[in-house]
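Shown next, in structure tokens, is the structure this report addresses.
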Amino acid sequence: FFPSFVRKYSFFLLVKGPFLPVKKDSLLIVDRPDRVLPFIFRKNKIICILHGSHAKNVISKKGALLGYFYNLAEKIALSRADCIVSVSFENKEHYERKFP
């Protein structure tokens with residue numbers, strides 16, 4: 001489903017991200033909600049850019065159980081983000097309905 005390097009990068013970020021040397025005043029910009037998770041306990045400001053609903057893709061490609069956990073992770077990640085940017089109006093409406 002995803003190219004090998006994307007899976008490796010996501011795994012690296014999740015496992016080693018919390019330990020990466022990042023200055024406390026750095027602004028972190030991530031391109032999907034699950035990439036916020038490695039940084040949820042840091043004091044940095046986080047901007048999350050939403051390019052679509054990743055949870056829908058996870059459910060359709062990986063099943064309901066993994067989709068449930070992704071939805072939970074997405075909720076935690078988006079609650080931690082300081083700013084959320086959506087690239088489309090439809091996507092913005094989707095996330096506003098999902099997380100009022």
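Order determines the names: the first chain of the structure tokens is A, the second B, and so forth; residues in each chain are numbered 1 upward, and ligands are numbered 1 upward as they are shown.
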So that I can see what lies close to Ile29 of chain A, please list as a PyMOL selection string the residues with an atom at most 9 Å from it, counting only C-alpha atoms and leaving out residues fewer than 3 positions away in the same chain. chain A and resi 36+45-49
Near Glu96 of chain A, counting only C-alpha atoms, which residues have an atom at most 12 Å away, once you skip same-chain residues fewer than 6 positions from it, shown as number ranges by chain? A: 53, 75, 78, 84-86, 89-90
Would you put the residues from that selection into a file with N, CA and C atoms, as a PDB file, in the first residue's frame?
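The file below, out01.pdb, is the result:
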ATOM      1  N   SER A  53      -8.579  12.501   4.763  1.00  0.00           N
ATOM      2  CA  SER A  53      -8.883  11.712   5.946  1.00  0.00           C
ATOM      3  C   SER A  53      -8.116  10.401   5.893  1.00  0.00           C
ATOM      4  N   LYS A  75      -7.389  11.405  17.143  1.00  0.00           N
ATOM      5  CA  LYS A  75      -8.046  12.276  18.121  1.00  0.00           C
ATOM      6  C   LYS A  75      -7.023  12.848  19.106  1.00  0.00           C
ATOM      7  N   LEU A  78      -4.600  15.339  17.112  1.00  0.00           N
ATOM      8  CA  LEU A  78      -5.196  16.624  16.743  1.00  0.00           C
ATOM      9  C   LEU A  78      -5.518  17.477  17.963  1.00  0.00           C
ATOM     10  N   ILE A  84      -4.232  23.533  13.134  1.00  0.00           N
ATOM     11  CA  ILE A  84      -4.576  22.502  12.153  1.00  0.00           C
ATOM     12  C   ILE A  84      -4.941  23.211  10.858  1.00  0.00           C
ATOM     13  N   VAL A  85      -4.297  22.804   9.775  1.00  0.00           N
ATOM     14  CA  VAL A  85      -4.532  23.398   8.466  1.00  0.00           C
ATOM     15  C   VAL A  85      -5.092  22.325   7.558  1.00  0.00           C
ATOM     16  N   SER A  86      -6.201  22.630   6.909  1.00  0.00           N
ATOM     17  CA  SER A  86      -6.795  21.700   5.957  1.00  0.00           C
ATOM     18  C   SER A  86      -6.576  22.245   4.549  1.00  0.00           C
ATOM     19  N   PHE A  89     -11.853  22.595   1.656  1.00  0.00           N
ATOM     20  CA  PHE A  89     -13.025  22.922   2.456  1.00  0.00           C
ATOM     21  C   PHE A  89     -13.752  21.650   2.888  1.00  0.00           C
ATOM     22  N   GLU A  90     -13.870  20.673   1.990  1.00  0.00           N
ATOM     23  CA  GLU A  90     -14.541  19.414   2.318  1.00  0.00           C
ATOM     24  C   GLU A  90     -13.830  18.686   3.455  1.00  0.00           C
TER      25      GLU A  90
END
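Nearest to Tyr68 of chain A of all the residues A:Ala81, A:Pro21, A:His54, A:Leu27 is A:His54, counting only C-alpha atoms.
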All residues 10 Å or closer to Lys43 of chain A, only C-alpha atoms, same chain fewer than 5 positions away omitted, as a PyMOL selection string: chain A and resi 23-27
Would you return as a ChimeraX atom specification the members of chain A that DSSP assigns to strand (DSSP E) on this structure's backbone? /A:27-30,45-50,83-86
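The coordinates place atom CA of Leu20 of chain A at 29.3 Å from atom CA of Lys62 of chain A.
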Which residue of A:Pro33, A:Phe69, A:Asp82, A:Ile40 approaches Tyr95 of chain A most closely, using only C-alpha atoms: A:Pro33
